[in-house]
$ cat run-v4.cif   # mmCIF, C-alpha atoms
data_structure
#
loop_
_atom_site.group_PDB
_atom_site.id
_atom_site.type_symbol
_atom_site.label_atom_id
_atom_site.label_comp_id
_atom_site.auth_asym_id
_atom_site.auth_seq_id
_atom_site.Cartn_x
_atom_site.Cartn_y
_atom_site.Cartn_z
ATOM 1 C CA MET A 110 -28.416 -3.593 34.229
ATOM 2 C CA SER A 111 -28.148 -0.068 35.545
ATOM 3 C CA GLU A 112 -31.106 1.846 36.990
ATOM 4 C CA ARG A 113 -30.931 4.304 34.092
ATOM 5 C CA THR A 114 -31.331 1.454 31.582
ATOM 6 C CA ALA A 115 -34.402 0.138 33.440
ATOM 7 C CA TRP A 116 -36.078 3.564 33.382
ATOM 8 C CA ARG A 117 -35.333 3.898 29.667
ATOM 9 C CA TRP A 118 -36.921 0.520 28.938
ATOM 10 C CA LEU A 119 -40.018 1.446 30.955
ATOM 11 C CA ALA A 120 -40.380 4.734 29.092
ATOM 12 C CA ALA A 121 -40.104 2.923 25.761
ATOM 13 C CA ALA A 122 -42.731 0.358 26.833
ATOM 14 C CA GLU A 123 -45.238 3.107 27.667
ATOM 15 C CA ASN A 124 -44.963 4.505 24.118
ATOM 16 C CA ASP A 125 -44.708 1.293 22.101
ATOM 17 C CA GLU A 126 -46.353 -2.086 22.753
ATOM 18 C CA ALA A 127 -43.643 -3.888 20.765
ATOM 19 C CA ALA A 128 -41.035 -2.511 23.142
ATOM 20 C CA ALA A 129 -43.061 -3.838 26.082
ATOM 21 C CA SER A 130 -43.142 -7.362 24.658
ATOM 22 C CA ASP A 131 -39.381 -7.407 24.067
ATOM 23 C CA PRO A 132 -37.648 -5.039 26.531
ATOM 24 C CA GLY A 133 -34.260 -3.739 25.472
ATOM 25 C CA ALA A 134 -34.541 -4.869 21.838
ATOM 26 C CA ARG A 135 -33.195 -2.400 19.299
ATOM 27 C CA THR A 136 -34.590 -1.887 15.811
ATOM 28 C CA ARG A 137 -31.220 -1.119 14.280
ATOM 29 C CA ALA A 138 -32.382 -1.380 10.660
ATOM 30 C CA GLY A 139 -34.911 1.463 10.950
ATOM 31 C CA ALA A 140 -33.538 3.628 13.749
ATOM 32 C CA ARG A 141 -29.802 3.716 13.006
ATOM 33 C CA PHE A 142 -28.613 7.080 11.791
ATOM 34 C CA THR A 143 -26.744 6.975 8.485
ATOM 35 C CA ILE A 144 -24.844 9.533 6.430
ATOM 36 C CA THR A 145 -27.302 10.858 3.855
ATOM 37 C CA PRO A 146 -26.385 12.989 0.819
ATOM 38 C CA GLU A 147 -27.565 16.025 2.828
ATOM 39 C CA VAL A 148 -25.144 15.262 5.673
ATOM 40 C CA ARG A 149 -22.362 14.549 3.207
ATOM 41 C CA GLY A 150 -22.949 17.950 1.595
ATOM 42 C CA LEU A 151 -22.733 19.626 5.007
ATOM 43 C CA LEU A 152 -19.457 17.847 5.705
ATOM 44 C CA VAL A 153 -18.068 19.211 2.452
ATOM 45 C CA LEU A 154 -19.371 22.699 3.250
ATOM 46 C CA TRP A 155 -17.783 22.719 6.716
ATOM 47 C CA LYS A 156 -14.582 20.914 5.561
ATOM 48 C CA GLY A 157 -15.081 17.886 7.799
ATOM 49 C CA ASN A 158 -15.883 19.847 10.987
ATOM 50 C CA VAL A 159 -18.299 17.419 12.681
ATOM 51 C CA ARG A 160 -19.304 19.792 15.478
ATOM 52 C CA ALA A 161 -20.287 22.479 12.970
ATOM 53 C CA VAL A 162 -22.331 19.934 10.998
ATOM 54 C CA HIS A 163 -24.066 18.862 14.198
ATOM 55 C CA ARG A 164 -25.034 22.479 14.990
ATOM 56 C CA GLU A 165 -26.430 22.830 11.463
ATOM 57 C CA LEU A 166 -28.510 19.649 11.847
ATOM 58 C CA VAL A 167 -29.898 20.866 15.175
ATOM 59 C CA LEU A 168 -30.893 24.217 13.656
ATOM 60 C CA ARG A 169 -32.539 22.579 10.650
ATOM 61 C CA GLY A 170 -34.473 20.213 12.895
ATOM 62 C CA ALA A 171 -35.721 23.111 15.047
ATOM 63 C CA ARG A 172 -36.994 25.007 11.979
ATOM 64 C CA GLN A 173 -39.179 22.113 10.813
ATOM 65 C CA SER A 174 -42.838 21.818 11.727
ATOM 66 C CA PRO A 175 -43.208 19.791 13.852
ATOM 67 C CA PRO A 176 -39.585 20.006 15.132
ATOM 68 C CA ALA A 177 -37.443 17.008 14.254
ATOM 69 C CA ASP A 178 -34.893 15.421 16.519
ATOM 70 C CA ALA A 179 -31.275 15.715 15.400
ATOM 71 C CA PRO A 180 -28.752 12.963 16.126
ATOM 72 C CA SER A 181 -26.418 13.450 19.031
ATOM 73 C CA LEU A 182 -22.816 14.434 18.436
ATOM 74 C CA THR A 183 -21.652 10.969 19.458
ATOM 75 C CA THR A 184 -24.081 9.318 17.030
ATOM 76 C CA LEU A 185 -22.916 11.601 14.236
ATOM 77 C CA HIS A 186 -19.265 10.736 14.927
ATOM 78 C CA ARG A 187 -20.103 7.026 14.936
ATOM 79 C CA ALA A 188 -21.986 7.237 11.640
ATOM 80 C CA ILE A 189 -19.128 9.133 9.975
ATOM 81 C CA ARG A 190 -16.578 6.530 11.056
ATOM 82 C CA ARG A 191 -18.862 3.752 9.831
ATOM 83 C CA ASP A 192 -20.080 5.169 6.507
ATOM 84 C CA LEU A 193 -17.026 7.128 5.295
ATOM 85 C CA THR A 194 -13.643 5.662 4.446
ATOM 86 C CA PRO A 195 -10.463 7.062 6.060
ATOM 87 C CA GLY A 196 -9.540 8.569 2.716
ATOM 88 C CA GLU A 197 -12.883 10.370 2.442
ATOM 89 C CA ARG A 198 -12.576 11.765 5.975
ATOM 90 C CA ALA A 199 -9.035 12.953 5.338
ATOM 91 C CA GLY A 200 -10.055 14.473 1.998
ATOM 92 C CA LEU A 201 -12.856 16.486 3.607
ATOM 93 C CA ALA A 202 -10.386 18.132 5.974
ATOM 94 C CA GLY A 203 -7.218 18.310 3.879
ATOM 95 C CA GLY A 204 -8.243 18.004 0.257
ATOM 96 C CA GLU A 205 -7.182 15.575 -2.464
ATOM 97 C CA ARG A 206 -3.520 15.420 -1.388
ATOM 98 C CA ALA A 207 -4.529 14.258 2.099
ATOM 99 C CA ALA A 208 -6.915 11.664 0.672
ATOM 100 C CA ARG A 209 -4.169 10.083 -1.443
ATOM 101 C CA LYS A 210 -2.299 9.095 1.706
ATOM 102 C CA HIS A 211 -5.091 6.655 2.545
ATOM 103 C CA ASP A 212 -6.456 5.490 -0.806
ATOM 104 C CA VAL A 213 -4.916 3.526 -3.656
ATOM 105 C CA PHE A 214 -3.442 5.891 -6.232
ATOM 106 C CA LEU A 215 -3.312 4.981 -9.937
ATOM 107 C CA ALA A 216 -3.706 1.222 -9.527
ATOM 108 C CA ARG A 217 -3.187 -0.698 -12.782
ATOM 109 C CA PRO A 218 -4.697 -4.037 -13.790
ATOM 110 C CA ARG A 219 -2.219 -6.876 -13.388
ATOM 111 C CA GLY A 220 -2.216 -7.955 -17.043
ATOM 112 C CA TRP A 221 -0.327 -10.985 -18.312
ATOM 113 C CA ARG A 222 3.252 -12.179 -18.303
ATOM 114 C CA ASN A 223 5.625 -10.197 -20.551
ATOM 115 C CA GLN A 224 2.991 -7.604 -21.308
ATOM 116 C CA VAL A 225 4.853 -4.741 -19.594
ATOM 117 C CA TRP A 226 8.328 -4.571 -18.084
ATOM 118 C CA GLU A 227 9.893 -1.807 -16.036
ATOM 119 C CA THR A 228 13.596 -1.046 -15.722
ATOM 120 C CA ASP A 229 15.752 1.113 -13.496
ATOM 121 C CA HIS A 230 19.156 1.499 -11.811
ATOM 122 C CA VAL A 231 19.720 1.291 -8.062
ATOM 123 C CA GLN A 232 22.966 1.772 -6.150
ATOM 124 C CA ALA A 233 23.435 -0.924 -3.528
ATOM 125 C CA PRO A 234 24.136 0.489 -0.026
ATOM 126 C CA VAL A 235 26.895 -2.104 0.432
ATOM 127 C CA LEU A 236 30.632 -1.507 0.187
ATOM 128 C CA VAL A 237 32.487 -4.172 -1.790
ATOM 129 C CA ASP A 238 36.145 -4.597 -2.595
ATOM 130 C CA VAL A 239 36.858 -3.577 -6.206
ATOM 131 C CA ASP A 240 40.589 -3.856 -6.952
ATOM 132 C CA GLY A 241 41.493 -2.812 -3.416
ATOM 133 C CA ARG A 242 39.002 0.060 -3.222
ATOM 134 C CA ALA A 243 35.703 0.107 -1.346
ATOM 135 C CA ARG A 244 32.913 0.974 -3.759
ATOM 136 C CA ARG A 245 29.144 0.675 -3.898
ATOM 137 C CA PRO A 246 28.037 -1.371 -6.940
ATOM 138 C CA TRP A 247 25.093 -0.530 -9.165
ATOM 139 C CA ILE A 248 22.279 -2.918 -10.098
ATOM 140 C CA THR A 249 20.385 -2.622 -13.381
ATOM 141 C CA TRP A 250 17.358 -4.828 -13.786
ATOM 142 C CA PHE A 251 14.161 -5.484 -15.697
ATOM 143 C CA THR A 252 11.070 -6.577 -13.789
ATOM 144 C CA ASP A 253 7.809 -8.037 -15.041
ATOM 145 C CA CYS A 254 4.775 -6.085 -13.816
ATOM 146 C CA ALA A 255 2.417 -9.084 -13.899
ATOM 147 C CA THR A 256 4.505 -11.446 -11.757
ATOM 148 C CA ASN A 257 6.688 -8.991 -9.785
ATOM 149 C CA ALA A 258 9.758 -11.028 -10.717
ATOM 150 C CA PHE A 259 12.755 -9.519 -12.431
ATOM 151 C CA THR A 260 13.659 -11.054 -15.745
ATOM 152 C CA GLY A 261 17.171 -9.680 -16.252
ATOM 153 C CA VAL A 262 19.890 -8.105 -14.141
ATOM 154 C CA ALA A 263 23.376 -6.654 -14.527
ATOM 155 C CA VAL A 264 25.714 -5.704 -11.667
ATOM 156 C CA THR A 265 28.470 -3.174 -12.345
ATOM 157 C CA PRO A 266 31.210 -1.908 -10.001
ATOM 158 C CA GLY A 267 31.013 1.624 -11.402
ATOM 159 C CA ASP A 268 28.352 3.988 -12.636
ATOM 160 C CA PRO A 269 25.724 2.376 -14.898
ATOM 161 C CA SER A 270 25.779 3.041 -18.624
ATOM 162 C CA ARG A 271 24.268 1.799 -21.864
ATOM 163 C CA GLU A 272 26.514 -1.286 -21.638
ATOM 164 C CA SER A 273 24.894 -2.310 -18.323
ATOM 165 C CA VAL A 274 21.439 -1.737 -19.822
ATOM 166 C CA LEU A 275 22.263 -3.953 -22.812
ATOM 167 C CA ALA A 276 23.737 -6.646 -20.528
ATOM 168 C CA ALA A 277 20.587 -6.653 -18.366
ATOM 169 C CA LEU A 278 18.411 -6.741 -21.487
ATOM 170 C CA ARG A 279 20.363 -9.721 -22.850
ATOM 171 C CA SER A 280 19.901 -11.660 -19.615
ATOM 172 C CA ALA A 281 16.186 -10.790 -19.690
ATOM 173 C CA VAL A 282 15.631 -11.968 -23.259
ATOM 174 C CA LEU A 283 17.572 -15.234 -23.052
ATOM 175 C CA ARG A 284 15.973 -18.135 -21.181
ATOM 176 C CA GLU A 285 18.518 -20.927 -21.362
ATOM 177 C CA GLU A 286 21.064 -21.535 -18.607
ATOM 178 C CA PRO A 287 22.414 -19.607 -16.804
ATOM 179 C CA TYR A 288 19.470 -17.292 -17.513
ATOM 180 C CA GLY A 289 15.746 -17.874 -17.160
ATOM 181 C CA PRO A 290 13.565 -19.756 -16.557
ATOM 182 C CA PHE A 291 11.372 -16.697 -17.116
ATOM 183 C CA GLY A 292 12.026 -13.986 -19.645
ATOM 184 C CA GLY A 293 11.409 -13.596 -23.357
ATOM 185 C CA LEU A 294 10.333 -10.474 -25.206
ATOM 186 C CA PRO A 295 7.989 -7.929 -23.646
ATOM 187 C CA GLU A 296 5.406 -5.906 -25.506
ATOM 188 C CA LYS A 297 6.321 -2.677 -23.691
ATOM 189 C CA VAL A 298 9.084 -1.398 -21.398
ATOM 190 C CA ARG A 299 8.657 1.604 -19.113
ATOM 191 C CA VAL A 300 11.770 3.716 -18.538
ATOM 192 C CA ASP A 301 12.487 7.036 -16.888
ATOM 193 C CA ARG A 302 14.324 9.885 -18.582
ATOM 194 C CA GLY A 303 17.781 8.347 -18.075
ATOM 195 C CA LYS A 304 20.130 9.046 -20.970
ATOM 196 C CA ASP A 305 21.470 5.491 -20.961
ATOM 197 C CA PHE A 306 17.967 4.019 -21.430
ATOM 198 C CA LEU A 307 17.220 6.465 -24.264
ATOM 199 C CA SER A 308 20.608 6.278 -25.980
ATOM 200 C CA ARG A 309 20.715 5.466 -29.686
ATOM 201 C CA THR A 310 22.313 2.068 -29.047
ATOM 202 C CA VAL A 311 19.683 0.943 -26.547
ATOM 203 C CA THR A 312 16.861 2.402 -28.619
ATOM 204 C CA ALA A 313 18.118 0.516 -31.678
ATOM 205 C CA ALA A 314 18.190 -2.721 -29.669
ATOM 206 C CA PHE A 315 14.581 -2.244 -28.590
ATOM 207 C CA ASP A 316 13.590 -1.489 -32.201
ATOM 208 C CA LEU A 317 15.225 -4.698 -33.435
ATOM 209 C CA LEU A 318 13.319 -6.671 -30.798
ATOM 210 C CA ASP A 319 10.062 -4.883 -31.735
ATOM 211 C CA VAL A 320 9.567 -3.620 -28.164
ATOM 212 C CA THR A 321 7.661 -0.408 -27.460
ATOM 213 C CA VAL A 322 9.509 1.962 -25.109
ATOM 214 C CA GLU A 323 7.381 4.206 -22.896
ATOM 215 C CA ASP A 324 9.367 7.220 -21.706
ATOM 216 C CA LEU A 325 7.747 8.437 -18.495
ATOM 217 C CA PRO A 326 7.630 12.112 -17.478
ATOM 218 C CA ALA A 327 10.193 13.439 -15.043
ATOM 219 C CA TYR A 328 9.632 13.124 -11.273
ATOM 220 C CA THR A 329 6.900 10.474 -11.610
ATOM 221 C CA PRO A 330 8.229 7.380 -9.805
ATOM 222 C CA HIS A 331 4.665 6.222 -9.066
ATOM 223 C CA LEU A 332 4.179 5.519 -12.779
ATOM 224 C CA LYS A 333 6.705 2.662 -12.541
ATOM 225 C CA GLY A 334 5.902 1.535 -9.039
ATOM 226 C CA THR A 335 6.832 -2.131 -9.593
ATOM 227 C CA VAL A 336 10.538 -1.531 -10.100
ATOM 228 C CA GLU A 337 10.592 1.300 -7.540
ATOM 229 C CA GLY A 338 9.153 -1.066 -4.948
ATOM 230 C CA LEU A 339 11.780 -3.634 -5.885
ATOM 231 C CA ASN A 340 14.523 -1.025 -5.396
ATOM 232 C CA ARG A 341 13.349 -0.521 -1.818
ATOM 233 C CA ALA A 342 12.636 -4.184 -1.062
ATOM 234 C CA VAL A 343 16.069 -5.510 -2.065
ATOM 235 C CA GLU A 344 17.730 -3.529 0.726
ATOM 236 C CA SER A 345 15.664 -4.947 3.587
ATOM 237 C CA MET A 346 15.368 -8.446 2.095
ATOM 238 C CA PHE A 347 19.012 -9.014 1.152
ATOM 239 C CA LEU A 348 21.509 -6.156 1.251
ATOM 240 C CA ALA A 349 21.082 -5.251 4.927
ATOM 241 C CA ALA A 350 22.455 -8.665 5.992
ATOM 242 C CA LEU A 351 25.714 -8.411 4.008
ATOM 243 C CA PRO A 352 29.058 -7.284 5.430
ATOM 244 C CA GLY A 353 29.864 -3.717 4.496
ATOM 245 C CA TYR A 354 26.266 -2.540 4.711
ATOM 246 C CA ALA A 355 26.656 1.245 4.661
ATOM 247 C CA ARG A 356 23.511 2.199 6.571
ATOM 248 C CA GLN A 357 23.892 0.117 9.703
ATOM 249 C CA PRO A 358 24.091 1.993 13.013
ATOM 250 C CA ARG A 359 27.593 2.542 14.362
ATOM 251 C CA PRO A 360 28.519 2.717 18.067
ATOM 252 C CA GLY A 361 29.482 6.159 19.246
ATOM 253 C CA LYS A 362 29.197 9.357 17.253
ATOM 254 C CA ARG A 363 31.420 8.404 14.338
ATOM 255 C CA ALA A 364 29.681 7.110 11.223
ATOM 256 C CA SER A 365 32.836 5.671 9.622
ATOM 257 C CA ARG A 366 33.157 1.914 9.265
ATOM 258 C CA PRO A 367 35.661 -0.082 11.342
ATOM 259 C CA LYS A 368 39.129 -0.418 9.839
ATOM 260 C CA ASP A 369 39.184 -4.184 10.402
ATOM 261 C CA GLU A 370 35.883 -4.774 8.586
ATOM 262 C CA VAL A 371 36.201 -7.448 5.893
ATOM 263 C CA LEU A 372 34.365 -6.592 2.682
ATOM 264 C CA LEU A 373 33.057 -8.911 0.036
ATOM 265 C CA GLY A 374 34.811 -8.929 -3.295
ATOM 266 C CA PHE A 375 32.864 -7.771 -6.310
ATOM 267 C CA GLU A 376 32.687 -11.305 -7.734
ATOM 268 C CA ASP A 377 31.507 -12.690 -4.388
ATOM 269 C CA PHE A 378 28.847 -9.980 -4.112
ATOM 270 C CA THR A 379 27.586 -10.787 -7.600
ATOM 271 C CA ALA A 380 27.475 -14.516 -6.796
ATOM 272 C CA TRP A 381 25.552 -13.908 -3.575
ATOM 273 C CA PHE A 382 23.138 -11.603 -5.411
ATOM 274 C CA ARG A 383 22.491 -14.167 -8.144
ATOM 275 C CA ARG A 384 21.881 -16.870 -5.538
ATOM 276 C CA TRP A 385 19.403 -14.662 -3.694
ATOM 277 C CA GLU A 386 17.707 -13.760 -6.962
ATOM 278 C CA ARG A 387 17.100 -17.355 -7.986
ATOM 279 C CA THR A 388 16.052 -18.668 -4.562
ATOM 280 C CA THR A 389 13.726 -15.749 -3.843
ATOM 281 C CA PHE A 390 12.014 -15.039 -7.140
ATOM 282 C CA VAL A 391 12.176 -18.236 -9.182
ATOM 283 C CA GLY A 392 10.167 -20.191 -6.629
ATOM 284 C CA GLY A 393 7.598 -17.429 -6.317
ATOM 285 C CA PHE A 394 7.320 -17.168 -10.102
ATOM 286 C CA ARG A 395 6.669 -20.896 -10.498
ATOM 287 C CA GLN A 396 4.027 -20.756 -7.794
ATOM 288 C CA HIS A 397 2.405 -17.828 -9.600
ATOM 289 C CA LEU A 398 2.236 -19.839 -12.809
ATOM 290 C CA ALA A 399 0.652 -22.739 -10.956
ATOM 291 C CA ILE A 400 -2.205 -20.761 -9.385
ATOM 292 C CA THR A 401 -2.849 -18.055 -11.994
ATOM 293 C CA ARG A 402 -4.232 -18.294 -15.481
ATOM 294 C CA VAL A 403 -1.567 -16.583 -17.527
ATOM 295 C CA GLY A 404 -2.337 -14.871 -20.809
ATOM 296 C CA ASN A 405 0.092 -14.546 -23.700
ATOM 297 C CA VAL A 406 1.583 -17.983 -23.008
ATOM 298 C CA ASP A 407 3.156 -18.227 -26.438
ATOM 299 C CA GLU A 408 6.061 -15.857 -25.948
ATOM 300 C CA LYS A 409 7.761 -14.180 -28.856
#
$ encode --input "run-v4.cif" --output "structure tokens"
Amino acid sequence: MSERTAWRWLAAAENDEAAASDPGARTRAGARFTITPEVRGLLVLWKGNVRAVHRELVLRGARQSPPADAPSLTTLHRAIRRDLTPGERAGLAGGERAARKHDVFLARPRGWRNQVWETDHVQAPVLVDVDGRARRPWITWFTDCATNAFTGVAVTPGDPSRESVLAALRSAVLREEPYGPFGGLPEKVRVDRGKDFLSRTVTAAFDLLDVTVEDLPAYTPHLKGTVEGLNRAVESMFLAALPGYARQPRPGKRASRPKDEVLLGFEDFTAWFRRWERTTFVGGFRQHLAITRVGNVDEK
């Protein structure tokens, strides 16, 4: 040990017989400084400024009779890191918006299979050959919020419409080959304010199936986070490995694709997508059914 440690132990032994019988032992349970409601209120008052809170604690300790010892600045920093979450520390300095970057925001209970679906369009960042022209196809799908698997999908070479929504809905409802094995009828479907999802034809189809449609407010992608996460995951999990990927880095300063690049045909792209869909999500869905107690087993 260092000489300073030995002198500290000797000084503690002169004041306390228990310290003399066990030199160097620490009574962490009683002596450790913790963040009390008073200290938390000072942190709010000074907007997370630890040095200002430490000065306030020193002044309050000096005003008491007899004077009380305040924790050191290092001890105060250590207690704050231990007793406050990163979201709480960020919120003290930057407010609620800063705290949301660290904490879970609007987490929903998982629920049961076919309780709630979410649907959306996403344009694949892959160029495919459509009748001799390079185009980026669109994917329309329905995903189950309880199992994170998508129940129905439709791939179109052009812009999505109500026809693509109805095709994806048909593949989600049917469960026999080549569809399924999961699907059925949901109790609720969350959609954004897309005109194709709220068209009279699609709305009539949902009414016939007795499905409640929840139209979310504009600019609120976090309210349908399951399908939004799927839109981002499909690119890194599958699309980035295909020929014609539009976001891959190009040598030099030009961003155009090579003239000799061979693109997949639209039919080949759809076949590859269906193969990835079944190998990736069907196995995970069956495993989920095996380890989770699923409610609403009797599907409509």
$ residues_around --input "run-v4.cif" --residues "A:Val239" --least-positions-apart "6" --cutoff "9 Å" --atoms "all atoms listed in the file" --output "MDAnalysis selection string"
chainID A and resid 266 374:376
$ write_last_selection --input "run-v4.cif" --atoms "C-alpha atoms" --output "CSV table (one decimal), in the frame of the given file"
chain,number,residue,atom,x,y,z
A,266,PRO,CA,31.2,-1.9,-10.0
A,374,GLY,CA,34.8,-8.9,-3.3
A,375,PHE,CA,32.9,-7.8,-6.3
A,376,GLU,CA,32.7,-11.3,-7.7
$ residues_around --input "run-v4.cif" --residues "A:Arg219" --least-positions-apart "3" --cutoff "9 Å" --atoms "all atoms listed in the file" --output "mmCIF file with C-alpha atoms, in the coordinates of the input"
data_model
loop_
_atom_site.group_PDB
_atom_site.id
_atom_site.type_symbol
_atom_site.label_atom_id
_atom_site.label_comp_id
_atom_site.auth_asym_id
_atom_site.auth_seq_id
_atom_site.Cartn_x
_atom_site.Cartn_y
_atom_site.Cartn_z
ATOM 1 C CA CYS A 254 4.775 -6.085 -13.816
ATOM 2 C CA ALA A 255 2.417 -9.084 -13.899
ATOM 3 C CA THR A 256 4.505 -11.446 -11.757
#
$ closest_residue --input "run-v4.cif" --among "A:Ala121, A:Leu236, A:Ala199, A:Ile144" --to "A:Ala355" --atoms "only C-alpha atoms"
A:Leu236
$ residues_around --input "run-v4.cif" --residues "A:Pro180" --least-positions-apart "5" --cutoff "12 Å" --atoms "all atoms listed in the file" --output "list in words"
Ala140, Arg141, Phe142, Thr143, Ile144, Val148, Val159, Arg160, Val162, His163, Arg164, Glu165, Leu166, Val167, Leu168, Arg169, Gly170, Leu185, His186, Arg187 and Ala188 of chain A
$ write_last_selection --input "run-v4.cif" --atoms "C-alpha atoms" --output "tab-separated table (two decimals), in the coordinates of the input"
chain	number	residue	atom	x	y	z
A	140	ALA	CA	-33.54	3.63	13.75
A	141	ARG	CA	-29.80	3.72	13.01
A	142	PHE	CA	-28.61	7.08	11.79
A	143	THR	CA	-26.74	6.98	8.48
A	144	ILE	CA	-24.84	9.53	6.43
A	148	VAL	CA	-25.14	15.26	5.67
A	159	VAL	CA	-18.30	17.42	12.68
A	160	ARG	CA	-19.30	19.79	15.48
A	162	VAL	CA	-22.33	19.93	11.00
A	163	HIS	CA	-24.07	18.86	14.20
A	164	ARG	CA	-25.03	22.48	14.99
A	165	GLU	CA	-26.43	22.83	11.46
A	166	LEU	CA	-28.51	19.65	11.85
A	167	VAL	CA	-29.90	20.87	15.18
A	168	LEU	CA	-30.89	24.22	13.66
A	169	ARG	CA	-32.54	22.58	10.65
A	170	GLY	CA	-34.47	20.21	12.90
A	185	LEU	CA	-22.92	11.60	14.24
A	186	HIS	CA	-19.26	10.74	14.93
A	187	ARG	CA	-20.10	7.03	14.94
A	188	ALA	CA	-21.99	7.24	11.64
$ resolve_selection --input "run-v4.cif" --expression "the PyMOL selection byres ((chain A and resi 157) around 7)" --output "VMD selection string"
chain A and resid 152 to 153 155 to 156 158 to 159 198 201 to 202
$ closest_residue --input "run-v4.cif" --among "A:Ala281, A:Leu294, A:Ile248, A:Val225" --to "A:Glu323" --atoms "only C-alpha atoms"
A:Val225
$ atom_distance --input "run-v4.cif" --atom1 "atom CA of A:Trp381" --atom2 "atom CA of A:Val300"
26.9 Å
$ atom_distance --input "run-v4.cif" --atom1 "atom CA of A:His331" --atom2 "atom CA of A:Asp301"
11.1 Å
$ resolve_selection --input "run-v4.cif" --expression "the PyMOL selection byres ((chain A and resi 269) around 10)" --output "MDAnalysis selection string"
chainID A and resid 230:232 246:249 263:268 270:274 305
